[in-house]
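Student: Take this structure first; my questions come after.
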Number of protein chains: 2
Amino acid sequence: MSLVVVGSIAFDSVKTPFGERERMLGGAAVHFSLAASFFTDVRVVGPVGDDFGRRQYEVLHRRGVNTDDVEHVEGGSTFFWKAHYEYDMNVAHTEDTQLGVFGEFEPKLSEESKSAEHLFLANIQPDVQRGVREQCTGARFAGLDSMNLWIETARNSLVKTIAGVDLVFLNDAEVRMLTEQPNLVRAAREIMGMGPRVVVAKQGEYGAAMFTGDGYFALPAFPLETVTDPTGAGDSFAGGFLGYLAAQDDWRDDATLRRAMTYGTVIASFNVEEFGTERVGRLTREEIDERFESLRSITALETAPA
Amino acid sequence: MSLVVVGSIAFDSVKTPFGERERMLGGAAVHFSLAASFFTDVRVVGPVGDDFGRRQYEVLHRRGVNTDDVEHVEGGSTFFWKAHYEYDMNVAHTEDTQLGVFGEFEPKLSEESKSAEHLFLANIQPDVQRGVREQCTGARFAGLDSMNLWIETARNSLVKTIAGVDLVFLNDAEVRMLTEQPNLVRAAREIMGMGPRVVVAKQGEYGAAMFTGDGYFALPAFPLETVTDPTGAGDSFAGGFLGYLAAQDDWRDDATLRRAMTYGTVIASFNVEEFGTERVGRLTREEIDERFESLRSITALETAPA
């Protein structure tokens, strides 16, 4: 059961009220891969430059992520992003973006990646996402993430790309923006009308809501006393979600999808406790399962009898 | 098991993207009373003017709310509030506020109200809230709501008032503002440190989070395709919550508190489907219980076996 993720590999310089880091390993495909690696075999596809070296690969390899399709562009620089967060950590304030080799990224999938059973298209230009989707014809399911930029500048292409996937992950504001529908329930239904079976509206510190046919599941975020760096939370969430799902026989089953969203929420909660990949890089399956049980009891209407 | 609520009785003129109403019955104490009336005997304490008449009383009496302590101030006008909502209905834009008789409100509680077993202090100036609390010495529990205005202008008084109650209802932004603590978990713990056993952080369309000692419960809002008028949602939530709680033997029990929050969420969801008190005014206990079960299944990590 392998899962291929195509997206950005990056260096992030991030400052929050609780500290800062220079050029730490980041990028959507990295956060997604690490999160998914707890449940299934993961292959990461994305471009890096000459500045990307052994230490960065090691973070991925330690979690068993296959990097054969990481494309090293000679003479190029890895995507770089610099940002700071204020006390309201729901909003990242970007200070600098240098696309580097990511600017001309044309994903070249190996035969192994093309024949992967599960695919995640992290946030990239939607034409590029669709090109990848069309190469992976045998995938049991495909998911995607996107962002406000593509809704504003490439909406038609994004809608076409959405039509070709099974699961869509967007922030709730993006769900509304894409459909120009202020009511989230109706907006999510409209996106399902474009093709996908599952629409997940990410709500940051408030958790997430999942729409599936007539079904609906809402889960709060795990309550944390320490939130150090929210960067990568959404990709960790999608990684835990789809990684778990890839390892199940019937990914369409409602209870399975609910557990998948819960695993995604759990891994995202670890991700934000420290900078970048620091926490998830040394996370254990036991810690994940322990927090899964905590989240279950936090949200259970009926508490277990004493 | 009687529950006394002290707070505003009002006329509201509200415009939303889905329509408008002139001078409809409103006010925190009214929304709270109607919501609580499904579970327990309710007495409402608040001032009205000459413009408050039989039609308004009838809305309360139809739900069995005792209005003996509604104080009619001769020659005065009932509190009036005018506002509009844009598509983002999380924010009310106030256009006019005329305090009228509410401006000089000095609650006079009858012996019946003073001996009530349960008390809710809706959002009023905190000195006034504390004065009422001190008259109801026998209450099994007391709850309060407040707002940013009192945090900014009467913080010390509010903290003293909070020290005398068992349950605090605030928006999550107010929880943070009161404690100057950006982390919600720590902020809620700080408020519990002031005295109350339970702190409920209301999160609008995202639901609510409840802190109880070491315990935590989070519940999303009920997903609605139609949100017509959010006015009174928070007071309906508190009314359903405390009304249910007042009717239980052990209000401190964790499972009981979780069910109480769920009933509050259910009644708030009906409240916002139509203008003012229109929907809750004709609500039935059957409808409430049906939606309670829907909310349970929406949030259940394990779906019931087919």
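So you can find residues: chains in the structure tokens are A, B, ... in the order shown, residues in each start at 1, and ligands are numbered from 1 in order.
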Taking only C-alpha atoms into account, produce a table as a Markdown table in which each residue of chain B with an atom at most 9 Å from an atom of chain A appears once, together with its shortest atom pair and the distance in Å to one decimal, ordered by chain and rising number.

Tutor:
| residue | atom | partner | partner_atom | distance |
| --- | --- | --- | --- | --- |
| B:Tyr87 | CA | A:Pro182 | CA | 6.3 |
| B:Asp88 | CA | A:Pro182 | CA | 7.3 |
| B:Pro182 | CA | A:Tyr87 | CA | 6.4 |
| B:Asn183 | CA | A:Glu225 | CA | 6.4 |
| B:Leu184 | CA | A:Glu225 | CA | 7.7 |
| B:Val185 | CA | A:Glu225 | CA | 5.7 |
| B:Arg186 | CA | A:Glu225 | CA | 6.2 |
| B:Gln203 | CA | A:Tyr206 | CA | 8.4 |
| B:Tyr206 | CA | A:Tyr206 | CA | 6.4 |
| B:Gly207 | CA | A:Tyr206 | CA | 8.5 |
| B:Ala209 | CA | A:Pro220 | CA | 8.8 |
| B:Gly215 | CA | A:Ile298 | CA | 8.0 |
| B:Tyr216 | CA | A:Ile298 | CA | 5.9 |
| B:Phe217 | CA | A:Ile298 | CA | 4.9 |
| B:Ala218 | CA | A:Thr299 | CA | 5.7 |
| B:Leu219 | CA | A:Thr299 | CA | 6.6 |
| B:Pro220 | CA | A:Ala218 | CA | 6.3 |
| B:Ala221 | CA | A:Ala218 | CA | 8.7 |
| B:Pro223 | CA | A:Val185 | CA | 6.7 |
| B:Leu224 | CA | A:Val185 | CA | 6.6 |
| B:Glu225 | CA | A:Val185 | CA | 5.7 |
| B:Thr226 | CA | A:Asn183 | CA | 7.6 |
| B:Val227 | CA | A:Asn183 | CA | 8.0 |
| B:Asp254 | CA | A:Thr303 | CA | 7.8 |
| B:Ala255 | CA | A:Thr303 | CA | 5.8 |
| B:Thr256 | CA | A:Glu302 | CA | 8.9 |
| B:Arg258 | CA | A:Leu301 | CA | 6.0 |
| B:Arg259 | CA | A:Leu301 | CA | 6.7 |
| B:Thr262 | CA | A:Leu301 | CA | 7.9 |
| B:Arg296 | CA | A:Leu301 | CA | 6.6 |
| B:Ser297 | CA | A:Phe217 | CA | 8.2 |
| B:Ile298 | CA | A:Phe217 | CA | 4.9 |
| B:Thr299 | CA | A:Ala218 | CA | 5.7 |
| B:Ala300 | CA | A:Ala300 | CA | 6.5 |
| B:Leu301 | CA | A:Arg258 | CA | 6.0 |
| B:Glu302 | CA | A:Ala255 | CA | 6.1 |
| B:Thr303 | CA | A:Ala255 | CA | 5.8 |
| B:Ala304 | CA | A:Ala255 | CA | 8.8 |

Student: I need the residues in range 105-146 of chain A that are strand (DSSP E) according to DSSP; give them as a VMD selection string.

Tutor: chain A and resid 118 to 121 141 to 145

Student: Which polymer residues have any atom within 7 Å of an atom of range 278-292 of chain B, counting only C-alpha atoms, with same-chain residues fewer than 6 positions away left out, as JSON, numbers by chain?

Tutor: {"B": [34, 38, 59, 262, 263, 266, 267, 270, 271]}

Student: Could you save those same residues with all heavy atoms as an mmCIF file, in the first residue's frame?

Tutor:
data_model
loop_
_atom_site.group_PDB
_atom_site.id
_atom_site.type_symbol
_atom_site.label_atom_id
_atom_site.label_comp_id
_atom_site.auth_asym_id
_atom_site.auth_seq_id
_atom_site.Cartn_x
_atom_site.Cartn_y
_atom_site.Cartn_z
ATOM 1 N N LEU B 34 -36.272 31.249 27.293
ATOM 2 C CA LEU B 34 -36.984 30.361 26.376
ATOM 3 C C LEU B 34 -36.222 29.055 26.218
ATOM 4 O O LEU B 34 -36.821 27.971 26.236
ATOM 5 C CB LEU B 34 -37.171 31.051 25.022
ATOM 6 C CG LEU B 34 -38.088 32.284 25.033
ATOM 7 C CD1 LEU B 34 -38.115 32.931 23.651
ATOM 8 C CD2 LEU B 34 -39.518 31.924 25.464
ATOM 9 N N PHE B 38 -37.363 24.462 28.361
ATOM 10 C CA PHE B 38 -37.628 23.087 27.918
ATOM 11 C C PHE B 38 -37.232 22.048 28.964
ATOM 12 O O PHE B 38 -37.556 20.878 28.828
ATOM 13 C CB PHE B 38 -36.894 22.798 26.602
ATOM 14 C CG PHE B 38 -37.466 23.574 25.453
ATOM 15 C CD1 PHE B 38 -36.910 24.792 25.091
ATOM 16 C CD2 PHE B 38 -38.597 23.123 24.788
ATOM 17 C CE1 PHE B 38 -37.465 25.530 24.053
ATOM 18 C CE2 PHE B 38 -39.156 23.863 23.750
ATOM 19 C CZ PHE B 38 -38.588 25.074 23.389
ATOM 20 N N VAL B 59 -45.140 35.508 24.463
ATOM 21 C CA VAL B 59 -44.063 34.636 23.962
ATOM 22 C C VAL B 59 -43.427 33.886 25.136
ATOM 23 O O VAL B 59 -43.134 32.688 25.049
ATOM 24 C CB VAL B 59 -42.994 35.461 23.207
ATOM 25 C CG1 VAL B 59 -41.806 34.591 22.815
ATOM 26 C CG2 VAL B 59 -43.601 36.137 21.977
ATOM 27 N N THR B 262 -24.320 19.858 25.115
ATOM 28 C CA THR B 262 -24.901 19.398 23.852
ATOM 29 C C THR B 262 -26.316 19.962 23.686
ATOM 30 O O THR B 262 -26.696 20.422 22.610
ATOM 31 C CB THR B 262 -24.893 17.865 23.801
ATOM 32 O OG1 THR B 262 -23.568 17.413 24.088
ATOM 33 C CG2 THR B 262 -25.305 17.367 22.428
ATOM 34 N N TYR B 263 -27.113 19.950 24.779
ATOM 35 C CA TYR B 263 -28.449 20.561 24.694
ATOM 36 C C TYR B 263 -28.331 22.054 24.380
ATOM 37 O O TYR B 263 -29.106 22.597 23.584
ATOM 38 C CB TYR B 263 -29.231 20.335 25.990
ATOM 39 C CG TYR B 263 -29.900 18.979 26.043
ATOM 40 C CD1 TYR B 263 -29.504 18.004 26.948
ATOM 41 C CD2 TYR B 263 -30.932 18.669 25.155
ATOM 42 C CE1 TYR B 263 -30.114 16.756 26.991
ATOM 43 C CE2 TYR B 263 -31.550 17.424 25.186
ATOM 44 C CZ TYR B 263 -31.138 16.474 26.101
ATOM 45 O OH TYR B 263 -31.743 15.241 26.123
ATOM 46 N N VAL B 266 -27.659 22.424 20.729
ATOM 47 C CA VAL B 266 -28.845 22.103 19.938
ATOM 48 C C VAL B 266 -29.804 23.289 19.909
ATOM 49 O O VAL B 266 -30.282 23.698 18.842
ATOM 50 C CB VAL B 266 -29.548 20.850 20.509
ATOM 51 C CG1 VAL B 266 -30.970 20.725 19.975
ATOM 52 C CG2 VAL B 266 -28.733 19.600 20.185
ATOM 53 N N ILE B 267 -30.076 23.867 21.066
ATOM 54 C CA ILE B 267 -31.068 24.949 21.088
ATOM 55 C C ILE B 267 -30.517 26.182 20.390
ATOM 56 O O ILE B 267 -31.237 26.873 19.665
ATOM 57 C CB ILE B 267 -31.543 25.217 22.526
ATOM 58 C CG1 ILE B 267 -32.216 23.923 23.027
ATOM 59 C CG2 ILE B 267 -32.531 26.396 22.558
ATOM 60 C CD1 ILE B 267 -32.906 24.036 24.326
ATOM 61 N N PHE B 270 -31.164 25.845 16.703
ATOM 62 C CA PHE B 270 -32.524 26.208 16.279
ATOM 63 C C PHE B 270 -32.692 27.725 16.294
ATOM 64 O O PHE B 270 -33.293 28.318 15.407
ATOM 65 C CB PHE B 270 -33.571 25.566 17.207
ATOM 66 C CG PHE B 270 -33.813 24.111 16.921
ATOM 67 C CD1 PHE B 270 -33.417 23.133 17.822
ATOM 68 C CD2 PHE B 270 -34.447 23.719 15.754
ATOM 69 C CE1 PHE B 270 -33.644 21.788 17.565
ATOM 70 C CE2 PHE B 270 -34.685 22.367 15.485
ATOM 71 C CZ PHE B 270 -34.277 21.400 16.393
ATOM 72 N N ASN B 271 -32.148 28.358 17.326
ATOM 73 C CA ASN B 271 -32.312 29.804 17.478
ATOM 74 C C ASN B 271 -31.884 30.570 16.227
ATOM 75 O O ASN B 271 -32.555 31.512 15.806
ATOM 76 C CB ASN B 271 -31.506 30.288 18.686
ATOM 77 C CG ASN B 271 -31.562 31.795 18.861
ATOM 78 O OD1 ASN B 271 -30.751 32.514 18.301
ATOM 79 N ND2 ASN B 271 -32.543 32.283 19.596
#

Student: What is the CA of Pro196 in chain A to CA of Arg252 in chain A distance in Å?

Tutor: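 Rounded to one decimal, the two atoms are 11.6 Å apart.
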
Student: For the atom pair CA of Glu71 in chain B and CA of Ser146 in chain B, what is the interatomic distance in Å to one decimal place?

Tutor: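 These two atoms are separated by 21.9 Å.
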
Student: List every residue of range 109-226 of chain B that DSSP, applied to the backbone, labels as alpha helix (DSSP H), and write the result as an MDAnalysis selection string.

Tutor: chainID B and resid 111:114 126:135 148:153 155:163 172:179 184:193

Student: Can you measure CA of Ala201 in chain A to CA of Gly138 in chain A for me? One decimal in Å is fine.

Tutor: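 Distance between the two atoms: 26.6 Å.
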
Student: Near Pro107 in chain B, counting only C-alpha atoms, which residues have an atom at most 12 Å away, once you skip same-chain residues fewer than 4 positions from it, shown as a PyMOL selection string?

Tutor: chain B and resi 5-8+44-48+69-72+101-103+113-114+121+124-125+127-136

Student: Write out as a list in words the residues lying within 12 Å of Val91 in chain A, counting only C-alpha atoms and excluding same-chain residues fewer than 4 positions away.

Tutor: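 The residues satisfying every condition are Thr16, Ala83, His84, Tyr85, Glu86, Tyr87, Gly204, Glu205, Asp229, Pro230 and Thr231 of chain A.
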
Student: Export, as an mmCIF file, in the first residue's frame, the selected residues with C-alpha atoms.

Tutor:
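Listed below is the output, selection.cif:
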data_model
loop_
_atom_site.group_PDB
_atom_site.id
_atom_site.type_symbol
_atom_site.label_atom_id
_atom_site.label_comp_id
_atom_site.auth_asym_id
_atom_site.auth_seq_id
_atom_site.Cartn_x
_atom_site.Cartn_y
_atom_site.Cartn_z
ATOM 1 C CA THR A 16 6.991 32.931 16.466
ATOM 2 C CA ALA A 83 7.598 34.219 7.812
ATOM 3 C CA HIS A 84 6.631 35.251 11.304
ATOM 4 C CA TYR A 85 3.596 34.632 13.463
ATOM 5 C CA GLU A 86 2.143 36.974 16.057
ATOM 6 C CA TYR A 87 0.222 35.848 19.140
ATOM 7 C CA GLY A 204 -7.095 25.666 12.200
ATOM 8 C CA GLU A 205 -7.282 25.798 15.984
ATOM 9 C CA ASP A 229 4.992 26.833 15.323
ATOM 10 C CA PRO A 230 1.853 26.125 13.279
ATOM 11 C CA THR A 231 3.804 25.759 10.004
#

Student: Excluding same-chain residues fewer than 3 positions from His61 in chain B, what lies within 12 Å of it counting only C-alpha atoms, as a PyMOL selection string?

Tutor: chain B and resi 30+33-34+37+41-44+54-58+64-68+281

Student: So that I can see what lies close to Ala28 in chain A, please list as a count of residues only the residues with an atom at most 8 Å from it, counting only C-alpha atoms and leaving out residues fewer than 3 positions away in the same chain.

Tutor: 9
